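The file query-v4.cif contains mmCIF, C-alpha atoms and all ligand atoms:
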```
data_entry
#
loop_
_atom_site.label_atom_id
_atom_site.label_comp_id
_atom_site.auth_asym_id
_atom_site.auth_seq_id
_atom_site.Cartn_x
_atom_site.Cartn_y
_atom_site.Cartn_z
CA MET H 1 -17.29 6.17 3.41
CA LEU H 2 -13.64 6.61 2.57
CA VAL H 3 -11.45 8.12 5.27
CA SER H 4 -8.01 9.68 5.15
CA ALA H 5 -5.18 7.54 6.49
CA THR H 6 -4.17 10.07 9.15
CA GLU H 7 -6.31 8.82 12.03
CA MET H 8 -5.65 5.13 11.39
CA MET H 9 -1.92 5.82 11.20
CA LYS H 10 -1.87 7.63 14.55
CA LYS H 11 -3.83 4.81 16.19
CA ALA H 12 -1.50 2.19 14.70
CA ARG H 13 1.60 4.06 15.82
CA ASP H 14 0.24 4.46 19.35
CA GLY H 15 -1.07 0.88 19.47
CA HIS H 16 2.17 -0.63 18.10
CA TYR H 17 0.66 -2.38 15.11
CA ALA H 18 0.64 -1.65 11.38
CA VAL H 19 -2.17 -1.15 8.87
CA GLY H 20 -1.74 -3.05 5.60
CA GLN H 21 -1.80 -1.28 2.28
CA PHE H 22 -2.92 -3.84 -0.26
CA ASN H 23 -2.66 -2.78 -3.88
CA ILE H 24 -5.72 -3.30 -6.07
CA ASN H 25 -5.84 -4.28 -9.74
CA ASN H 26 -9.49 -4.94 -10.49
CA LEU H 27 -12.91 -5.60 -8.99
CA GLU H 28 -12.06 -9.06 -7.59
CA TRP H 29 -8.96 -7.72 -5.82
CA THR H 30 -10.86 -4.84 -4.26
CA LYS H 31 -13.80 -6.98 -3.15
CA SER H 32 -11.54 -9.64 -1.58
CA ILE H 33 -9.57 -7.06 0.40
CA LEU H 34 -12.63 -5.12 1.59
CA LEU H 35 -14.50 -8.28 2.67
CA THR H 36 -11.48 -9.55 4.59
CA ALA H 37 -10.96 -6.22 6.35
CA GLN H 38 -14.64 -6.22 7.36
CA GLU H 39 -14.56 -9.84 8.54
CA LEU H 40 -11.47 -9.19 10.65
CA GLN H 41 -12.61 -5.72 11.77
CA SER H 42 -9.35 -4.25 10.54
CA PRO H 43 -8.69 -0.82 9.07
CA VAL H 44 -7.29 -1.09 5.55
CA ILE H 45 -5.61 0.99 2.86
CA LEU H 46 -6.30 0.23 -0.80
CA GLY H 47 -3.21 1.15 -2.83
CA VAL H 48 -3.45 2.19 -6.49
CA SER H 49 -0.31 2.61 -8.57
CA GLU H 50 -0.47 4.90 -11.58
CA GLY H 51 -0.19 1.86 -13.87
CA ALA H 52 -3.07 0.09 -12.10
CA GLY H 53 -4.99 3.38 -12.23
CA LYS H 54 -4.73 3.43 -16.02
CA TYR H 55 -5.60 -0.27 -16.24
CA MET H 56 -8.77 0.28 -14.19
CA CYS H 57 -9.89 3.09 -16.53
CA GLY H 58 -8.74 6.06 -14.50
CA TYR H 59 -9.04 7.41 -10.97
CA THR H 60 -12.70 8.47 -11.14
CA THR H 61 -13.68 4.93 -12.18
CA ILE H 62 -11.81 3.56 -9.17
CA VAL H 63 -13.37 6.04 -6.75
CA GLY H 64 -16.81 5.05 -8.09
CA MET H 65 -16.06 1.33 -7.77
CA VAL H 66 -14.66 1.54 -4.24
CA ASN H 67 -17.40 3.83 -2.92
CA GLY H 68 -20.01 1.58 -4.53
CA MET H 69 -18.54 -1.52 -2.92
CA ILE H 70 -18.32 0.10 0.50
CA ASN H 71 -22.06 0.83 0.28
CA GLU H 72 -23.23 -2.38 -1.35
CA LEU H 73 -21.10 -4.72 0.79
CA GLY H 74 -21.87 -2.86 4.01
CA ILE H 75 -18.24 -2.12 4.79
CA THR H 76 -18.01 -0.20 8.07
CA VAL H 77 -14.28 -0.48 8.88
CA PRO H 78 -12.06 2.52 8.03
CA VAL H 79 -10.96 2.34 4.38
CA ALA H 80 -8.47 4.75 2.78
CA LEU H 81 -8.08 4.89 -0.99
CA HIS H 82 -4.45 5.79 -1.55
CA LEU H 83 -2.36 6.67 -4.59
CA ASP H 84 0.82 4.58 -4.52
CA HIS H 85 4.09 6.12 -5.75
CA GLY H 86 2.28 9.03 -7.32
CA SER H 87 3.84 11.57 -9.60
CA TYR H 88 3.15 15.25 -9.00
CA GLU H 89 0.51 15.27 -11.77
CA GLY H 90 -0.96 11.92 -10.67
CA ALA H 91 -1.31 13.16 -7.09
CA LYS H 92 -3.26 16.21 -8.28
CA LYS H 93 -5.55 14.03 -10.39
CA CYS H 94 -6.29 11.72 -7.44
CA ILE H 95 -7.03 14.66 -5.15
CA ALA H 96 -9.54 15.92 -7.72
CA ALA H 97 -11.02 12.45 -8.33
CA GLY H 98 -11.92 11.78 -4.67
CA PHE H 99 -9.07 9.64 -3.31
CA SER H 100 -8.77 9.97 0.46
CA SER H 101 -4.98 9.65 0.61
CA ILE H 102 -2.05 10.18 -1.73
CA MET H 103 1.59 9.26 -1.86
CA PHE H 104 3.84 11.70 -3.64
CA ASP H 105 7.03 9.92 -4.58
CA GLY H 106 9.48 12.74 -5.12
CA SER H 107 12.43 10.60 -4.11
CA HIS H 108 13.99 10.82 -7.60
CA TYR H 109 14.06 14.64 -7.51
CA PRO H 110 16.89 16.58 -5.89
CA ILE H 111 15.85 17.12 -2.26
CA GLU H 112 15.06 20.85 -2.82
CA GLU H 113 12.60 20.01 -5.58
CA ASN H 114 11.11 17.12 -3.61
CA ILE H 115 10.51 19.61 -0.76
CA GLU H 116 8.89 22.25 -3.01
CA LYS H 117 6.52 19.82 -4.68
CA THR H 118 5.68 17.98 -1.44
CA LYS H 119 4.87 21.29 0.27
CA GLU H 120 2.48 22.29 -2.48
CA LEU H 121 0.71 18.92 -2.51
CA VAL H 122 0.41 18.86 1.30
CA ALA H 123 -1.39 22.23 1.23
CA LEU H 124 -3.72 21.12 -1.54
CA ALA H 125 -4.47 17.67 -0.03
CA HIS H 126 -4.96 18.96 3.51
CA SER H 127 -7.41 21.62 2.31
CA LYS H 128 -9.61 18.65 1.32
CA GLY H 129 -8.91 16.42 4.34
CA ILE H 130 -6.69 14.06 2.32
CA SER H 131 -3.60 12.48 3.90
CA VAL H 132 -0.15 12.62 2.31
CA GLU H 133 2.68 10.09 2.29
CA ALA H 134 6.09 11.22 1.11
CA GLU H 135 9.19 9.21 0.31
CA VAL H 136 12.85 9.71 1.05
CA GLY H 137 15.45 7.21 -0.15
CA ALA H 138 14.11 5.23 -3.09
CA ILE H 139 12.70 1.75 -2.56
CA GLY H 140 14.63 -0.77 -4.64
CA GLY H 141 13.23 -2.95 -7.37
CA GLU H 142 10.64 -2.13 -9.97
CA GLU H 143 6.94 -1.43 -9.60
CA ASP H 144 4.88 -0.55 -12.63
CA GLY H 145 7.85 1.02 -14.36
CA VAL H 146 8.97 2.97 -11.27
CA ILE H 147 12.51 1.80 -10.61
CA GLY H 148 14.15 2.61 -7.28
CA ARG H 149 17.78 2.36 -6.26
CA GLY H 150 17.21 0.56 -3.00
CA GLU H 151 19.13 3.14 -1.01
CA CYS H 152 18.77 3.76 2.70
CA ALA H 153 17.20 7.11 3.54
CA ASP H 154 19.23 9.96 5.01
CA PRO H 155 17.63 10.73 8.42
CA LYS H 156 18.34 14.47 7.96
CA GLU H 157 16.41 14.49 4.69
CA CYS H 158 13.60 12.53 6.38
CA LYS H 159 13.36 15.25 9.02
CA MET H 160 13.22 17.96 6.33
CA ILE H 161 10.34 16.21 4.55
CA ALA H 162 8.54 15.29 7.80
CA ASP H 163 8.63 18.96 8.82
CA LEU H 164 6.56 19.86 5.75
CA GLY H 165 3.49 18.46 7.47
CA VAL H 166 3.19 15.13 5.67
CA ASP H 167 1.14 12.55 7.55
CA ILE H 168 3.14 9.41 6.78
CA LEU H 169 6.74 8.91 5.72
CA ALA H 170 8.22 6.14 3.58
CA ALA H 171 11.92 5.87 4.27
CA GLY H 172 14.08 3.43 2.33
CA ILE H 173 15.71 0.95 4.72
CA GLY H 174 17.03 -1.56 2.20
CA ASN H 175 13.54 -2.77 1.23
CA ILE H 176 12.77 -3.72 -2.36
CA HIS H 177 9.56 -4.07 -4.38
CA GLY H 178 8.83 -7.54 -5.68
CA VAL H 179 10.43 -10.82 -4.65
CA TYR H 180 13.66 -10.41 -2.66
CA PRO H 181 16.80 -11.83 -4.28
CA ALA H 182 18.49 -14.70 -2.45
CA ASN H 183 21.43 -12.45 -1.51
CA TRP H 184 19.26 -9.69 0.02
CA GLU H 185 20.87 -8.43 3.20
CA GLY H 186 17.63 -7.80 5.10
CA LEU H 187 16.20 -4.56 6.46
CA SER H 188 18.58 -1.98 7.90
CA PHE H 189 17.26 -1.55 11.44
CA GLU H 190 20.08 0.94 12.14
CA THR H 191 18.64 3.18 9.42
CA LEU H 192 15.11 2.69 10.72
CA ALA H 193 16.13 3.60 14.27
CA ALA H 194 18.04 6.68 13.05
CA VAL H 195 15.06 7.81 10.93
CA LYS H 196 12.70 7.32 13.89
CA GLU H 197 15.05 9.33 16.10
CA ALA H 198 15.07 12.15 13.52
CA VAL H 199 11.31 12.30 12.78
CA GLY H 200 9.89 11.53 16.24
CA ASP H 201 6.17 10.75 16.14
CA MET H 202 5.78 10.50 12.38
CA PRO H 203 4.20 7.15 11.38
CA LEU H 204 6.58 5.31 9.05
CA VAL H 205 5.83 3.13 6.03
CA LEU H 206 7.50 -0.09 4.99
CA HIS H 207 7.19 -0.63 1.23
CA GLY H 208 8.02 -3.92 -0.45
CA GLY H 209 6.19 -6.03 2.15
CA THR H 210 6.28 -9.14 -0.06
CA GLY H 211 8.69 -11.74 1.27
CA ILE H 212 10.06 -9.87 4.28
CA PRO H 213 10.49 -12.52 7.01
CA ASP H 214 7.91 -12.29 9.82
CA ASP H 215 10.49 -11.53 12.52
CA GLN H 216 11.78 -8.52 10.54
CA ILE H 217 8.20 -7.28 10.06
CA THR H 218 7.54 -7.51 13.79
CA LYS H 219 10.79 -5.73 14.62
CA ALA H 220 10.06 -2.96 12.09
CA ILE H 221 6.64 -2.39 13.69
CA SER H 222 8.25 -2.18 17.13
CA LEU H 223 10.57 0.53 15.74
CA GLY H 224 7.77 2.79 14.46
CA VAL H 225 6.45 1.30 11.20
CA ALA H 226 2.68 1.88 11.11
CA LYS H 227 1.90 1.00 7.47
CA ILE H 228 3.14 -1.95 5.42
CA ASN H 229 2.60 -2.23 1.67
CA VAL H 230 1.91 -5.58 0.04
CA ASN H 231 1.36 -6.05 -3.67
CA THR H 232 3.35 -8.84 -5.35
CA GLU H 233 2.36 -11.50 -2.80
CA CYS H 234 -1.35 -11.13 -3.64
CA GLN H 235 -0.51 -11.30 -7.36
CA LEU H 236 1.50 -14.49 -6.85
CA VAL H 237 -1.22 -16.32 -4.89
CA PHE H 238 -3.90 -15.18 -7.35
CA ALA H 239 -1.88 -16.51 -10.30
CA GLU H 240 -1.08 -19.77 -8.51
CA ALA H 241 -4.72 -20.48 -7.58
CA THR H 242 -5.93 -19.63 -11.10
CA ARG H 243 -3.28 -21.86 -12.67
CA LYS H 244 -4.27 -24.79 -10.44
CA TYR H 245 -7.93 -24.37 -11.43
CA ILE H 246 -7.11 -24.42 -15.12
CA GLU H 247 -4.50 -27.18 -14.89
CA ALA H 248 -7.07 -29.33 -13.09
CA GLY H 249 -9.35 -28.81 -16.11
CA LYS H 250 -12.06 -27.23 -13.96
CA ASP H 251 -12.80 -24.57 -16.58
CA LYS H 252 -13.92 -27.41 -18.86
CA GLN H 253 -16.30 -28.99 -16.37
CA GLY H 254 -19.90 -27.75 -16.65
CA LYS H 255 -19.86 -23.96 -16.66
CA GLY H 256 -16.42 -23.77 -15.06
CA PHE H 257 -15.42 -21.23 -17.68
CA ASP H 258 -17.84 -18.68 -16.20
CA PRO H 259 -15.57 -15.84 -15.02
CA ARG H 260 -17.34 -15.82 -11.68
CA LYS H 261 -16.11 -19.41 -11.21
CA LEU H 262 -12.79 -19.06 -13.00
CA LEU H 263 -11.67 -16.10 -10.87
CA ALA H 264 -13.11 -17.41 -7.58
CA PRO H 265 -10.08 -19.47 -6.44
CA GLY H 266 -7.79 -16.46 -7.04
CA ALA H 267 -10.12 -14.18 -5.11
CA GLU H 268 -10.21 -16.68 -2.22
CA ALA H 269 -6.40 -16.88 -2.29
CA ILE H 270 -6.16 -13.09 -1.96
CA LYS H 271 -8.54 -13.19 1.01
CA ALA H 272 -6.37 -15.79 2.74
CA LYS H 273 -3.19 -13.80 2.06
CA VAL H 274 -4.70 -10.52 3.31
CA LYS H 275 -5.95 -12.32 6.46
CA GLU H 276 -2.47 -13.74 7.10
CA LYS H 277 -0.90 -10.28 6.72
CA MET H 278 -3.47 -8.50 8.90
CA GLU H 279 -2.87 -11.04 11.64
CA LEU H 280 0.91 -10.60 11.34
CA PHE H 281 0.65 -6.80 11.30
CA GLY H 282 -1.61 -6.83 14.39
CA SER H 283 -4.45 -4.79 12.84
CA VAL H 284 -7.20 -7.38 13.47
CA GLY H 285 -9.97 -5.99 15.69
CA LYS H 286 -8.53 -2.45 15.49
CA ALA H 287 -11.31 -0.95 13.32
P1 LIG H 301 5.60 -5.58 -2.94
O1 LIG H 301 5.06 -5.71 -4.33
O2 LIG H 301 7.03 -5.98 -2.85
O3 LIG H 301 4.75 -6.25 -1.93
O4 LIG H 301 5.62 -4.01 -2.60
C1 LIG H 301 4.41 -3.30 -2.54
C2 LIG H 301 4.64 -1.85 -2.35
O5 LIG H 301 5.55 -1.43 -1.67
C3 LIG H 301 3.72 -0.91 -2.98
O6 LIG H 301 4.14 0.40 -2.88
#
```

Would you mind writing the structure in this file as structure tokens?
Amino acid sequence: MLVSATEMMKKARDGHYAVGQFNINNLEWTKSILLTAQELQSPVILGVSEGAGKYMCGYTTIVGMVNGMINELGITVPVALHLDHGSYEGAKKCIAAGFSSIMFDGSHYPIEENIEKTKELVALAHSKGISVEAEVGAIGGEEDGVIGRGECADPKECKMIADLGVDILAAGIGNIHGVYPANWEGLSFETLAAVKEAVGDMPLVLHGGTGIPDDQITKAISLGVAKINVNTECQLVFAEATRKYIEAGKDKQGKGFDPRKLLAPGAEAIKAKVKEKMELFGSVGKA
């Protein structure tokens, strides 16, 4: 059964570890992530961007697929199905479709409008037991057409949004979606500490998990980050493993072209990447 992210976030915050949000793109992605979470007895959050939502034939299709897999694969660890960087309309659709968690990314609105819309979505989501993540200070880089400015969040604005009753807060601290450029200055731990000071107990989210050095991840967790989002890294290892399979001519040997064989190395690569991240984030055995 899907659960909201609220409980797992509180446990992670109190236990000083982080739960991974791994974005899904198709059946193989979802299966690899769920099986790894179960094997490692780790809670997990499946992230769905609006673009990936469209690609997978809409939110109700995804809810059906994930619930089906949880039953058929015997998944017993806590799993949240979470809208990633949702628009106001997208968040409403996911609430209706049966997602257990939503992110409303109102960071591009003026703060007053972000507050109004967040407040409305919190009331609607909470009436159905669904958790809400909000964002202050856009995350840099581009994800599925959503382009952020990479700014650091204003702690006062974080406090205003946190006070609306959201369950998890994404605050920009210099993080960027996608691969970090060579001249990236690293995370702003001063911003993170100031945000933490302003919002107190609120579990914080670190977007753009791909490519952040391990020591910065560990430090961010020690400063209150309870959720870390990873997307691009799974895409890169999937592509790499699939390329190797084809370049080695394995699709031309016997029935190597069978999609169940062709996509297997990529699926295994995702499992290994998710395992590596869960171990780094400290969520293993925390189900
Ligand atoms: P990456 O693609 O950089 O891992 O970021 C994922 C993310 O933050 C999803 O919201």

Exercise answer, 9 Å around ligand LIG 301 (chain H) with only C-alpha atoms and all ligand atoms, as a PyMOL selection string: chain H and resi 21-23+47-49+84-85+139+141-143+175-180+205-212+228-235

At a cut-off of 10 Å, can you tabulate as a Markdown table every residue of segment 24-134 of chain H near segment 152-166 of chain H together with its closest atom pair and the distance in Å to one decimal, using all atoms listed in the file and ordering rows by chain then number?
```
| residue | atom | partner | partner_atom | distance |
| --- | --- | --- | --- | --- |
| H:Met103 | CA | H:Val166 | CA | 9.7 |
| H:Phe104 | CA | H:Val166 | CA | 9.9 |
| H:Ser107 | CA | H:Ala153 | CA | 9.7 |
| H:Ile111 | CA | H:Glu157 | CA | 7.5 |
| H:Glu112 | CA | H:Met160 | CA | 9.8 |
| H:Asn114 | CA | H:Ile161 | CA | 8.2 |
| H:Ile115 | CA | H:Ile161 | CA | 6.3 |
| H:Glu116 | CA | H:Leu164 | CA | 9.4 |
| H:Thr118 | CA | H:Leu164 | CA | 7.5 |
| H:Lys119 | CA | H:Leu164 | CA | 5.9 |
| H:Glu120 | CA | H:Leu164 | CA | 9.5 |
| H:Leu121 | CA | H:Val166 | CA | 9.4 |
| H:Val122 | CA | H:Val166 | CA | 6.4 |
| H:Ala123 | CA | H:Gly165 | CA | 8.8 |
| H:Ala125 | CA | H:Val166 | CA | 9.9 |
| H:His126 | CA | H:Val166 | CA | 9.3 |
| H:Ser131 | CA | H:Val166 | CA | 7.5 |
| H:Val132 | CA | H:Val166 | CA | 5.4 |
| H:Glu133 | CA | H:Val166 | CA | 6.1 |
| H:Ala134 | CA | H:Val166 | CA | 6.7 |
```

Write out as JSON, numbers by chain which residues come within 8 Å of Leu73 of chain H when counting only C-alpha atoms, dropping same-chain ones fewer than 3 positions away. {"H": [35, 69, 70]}

Determine, counting all atoms listed in the file, which protein, DNA and RNA residues have an atom within 12 Å of an atom of Gly74 of chain H; residues of the same chain fewer than 6 positions away are not included. Present the result as JSON, numbers by chain. {"H": [1, 31, 34, 35, 37, 38, 39, 66, 67, 68]}

What does the distance between atom CA of Ala220 of chain H and atom CA of Ala193 of chain H come to in Å, to one decimal place?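 One can read the atom CA of Ala220 of chain H to atom CA of Ala193 of chain H distance as 9.2 Å.
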
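Remark: for Asp201 of chain H, the closest of the candidate residues H:Pro181, H:Gly86, H:Gly129, H:Gly224 is H:Gly224 (distances computed over only C-alpha atoms).
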